[in-house]
>>> print(open('data_18.txt').read())   # compact mmCIF, C-alpha atoms
# COMPACT_ATOMS: atom_id res chain seq x y z
CA MET J 1 203.16 -33.05 -50.81
CA GLY J 2 201.95 -30.94 -53.73
CA VAL J 3 203.84 -32.61 -56.56
CA ARG J 4 200.63 -32.76 -58.59
CA ALA J 5 199.87 -29.11 -57.82
CA LEU J 6 203.34 -28.10 -59.01
CA ALA J 7 203.05 -30.23 -62.16
CA GLY J 8 199.58 -28.88 -62.86
CA ALA J 9 201.00 -25.37 -62.84
CA GLY J 10 203.88 -26.34 -65.14
CA SER J 11 206.46 -26.43 -62.36
CA ASP J 12 208.29 -28.98 -60.21
CA VAL J 13 210.21 -29.30 -56.95
CA THR J 14 213.43 -27.98 -58.55
CA LYS J 15 211.68 -24.64 -59.17
CA LEU J 16 210.63 -24.07 -55.55
CA VAL J 17 211.60 -20.64 -54.28
CA GLN J 18 210.23 -20.64 -50.74
CA VAL J 19 208.49 -23.10 -48.43
CA ARG J 20 206.65 -22.15 -45.24
CA VAL J 21 205.79 -24.94 -42.80
CA TYR J 22 203.09 -24.43 -40.15
CA ILE J 23 203.43 -26.97 -37.33
CA VAL J 24 201.30 -27.46 -34.22
CA ASP J 25 203.90 -29.37 -32.19
CA ILE J 26 207.66 -29.24 -32.64
CA GLU J 27 207.77 -32.97 -31.86
CA TYR J 28 206.55 -33.55 -35.44
CA TRP J 29 209.52 -31.64 -36.86
CA ALA J 30 212.09 -34.47 -37.05
CA THR J 31 209.71 -36.78 -38.90
CA PHE J 32 208.56 -34.01 -41.22
CA ASN J 33 212.15 -32.99 -41.93
CA GLU J 34 213.08 -36.56 -42.95
CA ILE J 35 210.09 -36.81 -45.30
CA TYR J 36 210.75 -33.32 -46.70
CA ALA J 37 214.43 -34.12 -47.37
CA ARG J 38 213.49 -37.24 -49.37
CA TRP J 39 210.78 -35.36 -51.26
CA ALA J 40 212.82 -32.22 -52.03
CA GLY J 41 216.00 -34.07 -52.96
CA ALA J 42 218.70 -31.58 -53.97
CA ALA J 43 216.26 -28.64 -54.05
CA ARG J 44 217.04 -26.13 -51.31
CA PRO J 45 214.43 -23.36 -51.36
CA ALA J 46 214.28 -20.85 -48.53
CA ARG J 47 212.32 -22.47 -45.73
CA ALA J 48 210.60 -21.11 -42.63
CA VAL J 49 208.93 -22.99 -39.79
CA VAL J 50 206.00 -21.30 -38.06
CA PRO J 51 204.71 -22.79 -34.80
CA VAL J 52 200.93 -22.42 -34.49
CA PRO J 53 198.46 -23.47 -31.78
CA ALA J 54 196.09 -25.23 -34.22
CA LEU J 55 195.34 -25.77 -37.90
CA HIS J 56 192.02 -26.24 -39.71
CA PHE J 57 190.58 -29.75 -40.01
CA GLY J 58 192.82 -31.05 -37.23
CA LEU J 59 195.93 -30.97 -39.40
CA LYS J 60 199.25 -31.22 -37.58
CA ILE J 61 201.39 -29.75 -40.38
CA GLU J 62 200.53 -27.49 -43.29
CA VAL J 63 202.95 -26.58 -46.07
CA GLU J 64 202.76 -23.46 -48.23
CA ALA J 65 205.14 -23.17 -51.19
CA VAL J 66 206.06 -20.69 -53.91
CA ALA J 67 207.65 -21.90 -57.14
CA TRP J 68 208.62 -20.56 -60.54
CA VAL J 69 206.38 -21.60 -63.43
>>> encode(input="data_18.txt", output="structure tokens")
Amino acid sequence: MGVRALAGAGSDVTKLVQVRVYIVDIEYWATFNEIYARWAGAARPARAVVPVPALHFGLKIEVEAVAWV
């Protein structure tokens, strides 16, 4: 996920405030959640899951995040 984007803005995963996850099929959720838990570690920002019919470029999951800098 956007570790480099966070670092480039002078932030990191511990400064996440909110994460919004767009997902085209709920079947991907369990796998995503496992990966997210490893990536986020102890960070527990507010998180929302938004089911969508499709995403650009054929993506299955898209993540939008807000963090303190």
>>> residues_around(input="data_18.txt", residues="Val21 (chain J)", least_positions_apart="3", cutoff="8 Å", atoms="all atoms listed in the file", output="list in words")
Arg47, Ala48, Val49, Val50, Ile61, Glu62, Val63 and Glu64 of chain J
>>> closest_residue(input="data_18.txt", among="J:Asn33, J:Gly8, J:Arg44, J:Val66", to="Arg20 (chain J)", atoms="only C-alpha atoms")
J:Val66
>>> closest_residue(input="data_18.txt", among="J:Val52, J:Leu59, J:Val69, J:Ala43", to="Ile26 (chain J)", atoms="all atoms listed in the file")
J:Val52
>>> closest_residue(input="data_18.txt", among="J:Ser11, J:Phe57, J:Leu6, J:Pro51", to="Trp29 (chain J)", atoms="only C-alpha atoms")
J:Pro51
>>> atom_distance(input="data_18.txt", atom1="CA of Pro53 (chain J)", atom2="CA of Gly2 (chain J)")
23.4 Å
>>> atom_distance(input="data_18.txt", atom1="CA of His56 (chain J)", atom2="CA of Lys15 (chain J)")
27.7 Å
>>> closest_residue(input="data_18.txt", among="J:Trp39, J:Phe32, J:Lys60, J:Leu55", to="Val13 (chain J)", atoms="all atoms listed in the file")
J:Trp39
>>> atom_distance(input="data_18.txt", atom1="CA of Ala7 (chain J)", atom2="CA of Ala54 (chain J)")
29.2 Å
>>> decode(input="data_18.txt", residues="region 9-49 of chain J", atoms="N, CA and C atoms", output="mmCIF file, in the first residue's frame")
data_model
loop_
_atom_site.group_PDB
_atom_site.id
_atom_site.type_symbol
_atom_site.label_atom_id
_atom_site.label_comp_id
_atom_site.auth_asym_id
_atom_site.auth_seq_id
_atom_site.Cartn_x
_atom_site.Cartn_y
_atom_site.Cartn_z
ATOM 1 N N ALA J 9 5.205 12.327 2.069
ATOM 2 C CA ALA J 9 4.482 13.471 2.621
ATOM 3 C C ALA J 9 4.921 13.768 4.057
ATOM 4 N N GLY J 10 5.919 13.021 4.547
ATOM 5 C CA GLY J 10 6.390 13.235 5.910
ATOM 6 C C GLY J 10 5.525 12.560 6.956
ATOM 7 N N SER J 11 4.854 11.490 6.581
ATOM 8 C CA SER J 11 3.950 10.793 7.489
ATOM 9 C C SER J 11 4.295 9.309 7.507
ATOM 10 N N ASP J 12 3.511 8.529 8.231
ATOM 11 C CA ASP J 12 3.670 7.076 8.237
ATOM 12 C C ASP J 12 2.366 6.430 8.701
ATOM 13 N N VAL J 13 2.344 5.115 8.712
ATOM 14 C CA VAL J 13 1.118 4.370 9.009
ATOM 15 C C VAL J 13 0.576 4.686 10.403
ATOM 16 N N THR J 14 1.446 5.055 11.343
ATOM 17 C CA THR J 14 0.980 5.362 12.700
ATOM 18 C C THR J 14 0.199 6.669 12.758
ATOM 19 N N LYS J 15 0.279 7.480 11.702
ATOM 20 C CA LYS J 15 -0.418 8.764 11.670
ATOM 21 C C LYS J 15 -1.690 8.721 10.829
ATOM 22 N N LEU J 16 -2.091 7.521 10.405
ATOM 23 C CA LEU J 16 -3.337 7.395 9.648
ATOM 24 C C LEU J 16 -4.518 7.803 10.516
ATOM 25 N N VAL J 17 -5.438 8.535 9.922
ATOM 26 C CA VAL J 17 -6.641 8.971 10.617
ATOM 27 C C VAL J 17 -7.846 8.176 10.131
ATOM 28 N N GLN J 18 -7.932 7.981 8.832
ATOM 29 C CA GLN J 18 -9.091 7.313 8.241
ATOM 30 C C GLN J 18 -8.672 6.585 6.980
ATOM 31 N N VAL J 19 -9.238 5.399 6.779
ATOM 32 C CA VAL J 19 -8.983 4.603 5.580
ATOM 33 C C VAL J 19 -10.326 4.196 4.992
ATOM 34 N N ARG J 20 -10.488 4.403 3.699
ATOM 35 C CA ARG J 20 -11.707 3.995 2.996
ATOM 36 C C ARG J 20 -11.296 2.963 1.953
ATOM 37 N N VAL J 21 -11.956 1.817 1.974
ATOM 38 C CA VAL J 21 -11.631 0.714 1.076
ATOM 39 C C VAL J 21 -12.792 0.505 0.113
ATOM 40 N N TYR J 22 -12.530 0.623 -1.176
ATOM 41 C CA TYR J 22 -13.526 0.341 -2.210
ATOM 42 C C TYR J 22 -13.256 -1.075 -2.701
ATOM 43 N N ILE J 23 -14.272 -1.916 -2.736
ATOM 44 C CA ILE J 23 -14.077 -3.324 -3.074
ATOM 45 C C ILE J 23 -15.184 -3.791 -4.021
ATOM 46 N N VAL J 24 -14.789 -4.487 -5.094
ATOM 47 C CA VAL J 24 -15.776 -4.893 -6.100
ATOM 48 C C VAL J 24 -16.470 -6.211 -5.764
ATOM 49 N N ASP J 25 -15.875 -7.002 -4.876
ATOM 50 C CA ASP J 25 -16.486 -8.284 -4.513
ATOM 51 C C ASP J 25 -16.106 -8.594 -3.074
ATOM 52 N N ILE J 26 -17.081 -8.789 -2.224
ATOM 53 C CA ILE J 26 -16.826 -9.018 -0.808
ATOM 54 C C ILE J 26 -15.969 -10.264 -0.577
ATOM 55 N N GLU J 27 -15.890 -11.150 -1.555
ATOM 56 C CA GLU J 27 -15.039 -12.335 -1.420
ATOM 57 C C GLU J 27 -13.564 -11.960 -1.251
ATOM 58 N N TYR J 28 -13.163 -10.784 -1.699
ATOM 59 C CA TYR J 28 -11.784 -10.326 -1.548
ATOM 60 C C TYR J 28 -11.505 -9.803 -0.137
ATOM 61 N N TRP J 29 -12.551 -9.592 0.644
ATOM 62 C CA TRP J 29 -12.400 -8.925 1.929
ATOM 63 C C TRP J 29 -11.485 -9.669 2.900
ATOM 64 N N ALA J 30 -11.663 -10.960 3.079
ATOM 65 C CA ALA J 30 -10.855 -11.706 4.052
ATOM 66 C C ALA J 30 -9.366 -11.606 3.729
ATOM 67 N N THR J 31 -9.010 -11.779 2.469
ATOM 68 C CA THR J 31 -7.605 -11.684 2.067
ATOM 69 C C THR J 31 -7.086 -10.270 2.274
ATOM 70 N N PHE J 32 -7.862 -9.279 1.855
ATOM 71 C CA PHE J 32 -7.451 -7.891 2.050
ATOM 72 C C PHE J 32 -7.256 -7.602 3.533
ATOM 73 N N ASN J 33 -8.190 -8.035 4.357
ATOM 74 C CA ASN J 33 -8.130 -7.751 5.783
ATOM 75 C C ASN J 33 -6.868 -8.338 6.419
ATOM 76 N N GLU J 34 -6.463 -9.525 6.003
ATOM 77 C CA GLU J 34 -5.229 -10.136 6.511
ATOM 78 C C GLU J 34 -4.009 -9.301 6.124
ATOM 79 N N ILE J 35 -3.950 -8.899 4.864
ATOM 80 C CA ILE J 35 -2.830 -8.086 4.381
ATOM 81 C C ILE J 35 -2.820 -6.735 5.092
ATOM 82 N N TYR J 36 -3.979 -6.118 5.214
ATOM 83 C CA TYR J 36 -4.105 -4.816 5.875
ATOM 84 C C TYR J 36 -3.634 -4.901 7.326
ATOM 85 N N ALA J 37 -4.041 -5.950 8.042
ATOM 86 C CA ALA J 37 -3.665 -6.104 9.451
ATOM 87 C C ALA J 37 -2.147 -6.196 9.605
ATOM 88 N N ARG J 38 -1.486 -6.938 8.722
ATOM 89 C CA ARG J 38 -0.020 -7.032 8.775
ATOM 90 C C ARG J 38 0.618 -5.680 8.466
ATOM 91 N N TRP J 39 0.074 -4.992 7.458
ATOM 92 C CA TRP J 39 0.622 -3.714 7.035
ATOM 93 C C TRP J 39 0.410 -2.635 8.093
ATOM 94 N N ALA J 40 -0.785 -2.537 8.655
ATOM 95 C CA ALA J 40 -1.123 -1.472 9.592
ATOM 96 C C ALA J 40 -0.556 -1.716 10.988
ATOM 97 N N GLY J 41 -0.282 -2.970 11.321
ATOM 98 C CA GLY J 41 0.254 -3.263 12.646
ATOM 99 C C GLY J 41 -0.699 -2.808 13.732
ATOM 100 N N ALA J 42 -0.181 -2.037 14.687
ATOM 101 C CA ALA J 42 -0.993 -1.577 15.814
ATOM 102 C C ALA J 42 -1.854 -0.364 15.470
ATOM 103 N N ALA J 43 -1.637 0.243 14.316
ATOM 104 C CA ALA J 43 -2.432 1.412 13.914
ATOM 105 C C ALA J 43 -3.888 1.002 13.726
ATOM 106 N N ARG J 44 -4.793 1.785 14.255
ATOM 107 C CA ARG J 44 -6.221 1.485 14.142
ATOM 108 C C ARG J 44 -7.007 2.738 13.732
ATOM 109 N N PRO J 45 -6.766 3.223 12.504
ATOM 110 C CA PRO J 45 -7.541 4.381 12.052
ATOM 111 C C PRO J 45 -8.993 3.978 11.803
ATOM 112 N N ALA J 46 -9.870 4.957 11.763
ATOM 113 C CA ALA J 46 -11.252 4.680 11.366
ATOM 114 C C ALA J 46 -11.209 4.061 9.977
ATOM 115 N N ARG J 47 -12.061 3.069 9.749
ATOM 116 C CA ARG J 47 -12.023 2.386 8.450
ATOM 117 C C ARG J 47 -13.440 2.132 7.965
ATOM 118 N N ALA J 48 -13.657 2.375 6.683
ATOM 119 C CA ALA J 48 -14.953 2.119 6.056
ATOM 120 C C ALA J 48 -14.732 1.265 4.818
ATOM 121 N N VAL J 49 -15.671 0.374 4.566
ATOM 122 C CA VAL J 49 -15.633 -0.478 3.377
ATOM 123 C C VAL J 49 -16.812 -0.087 2.491
#
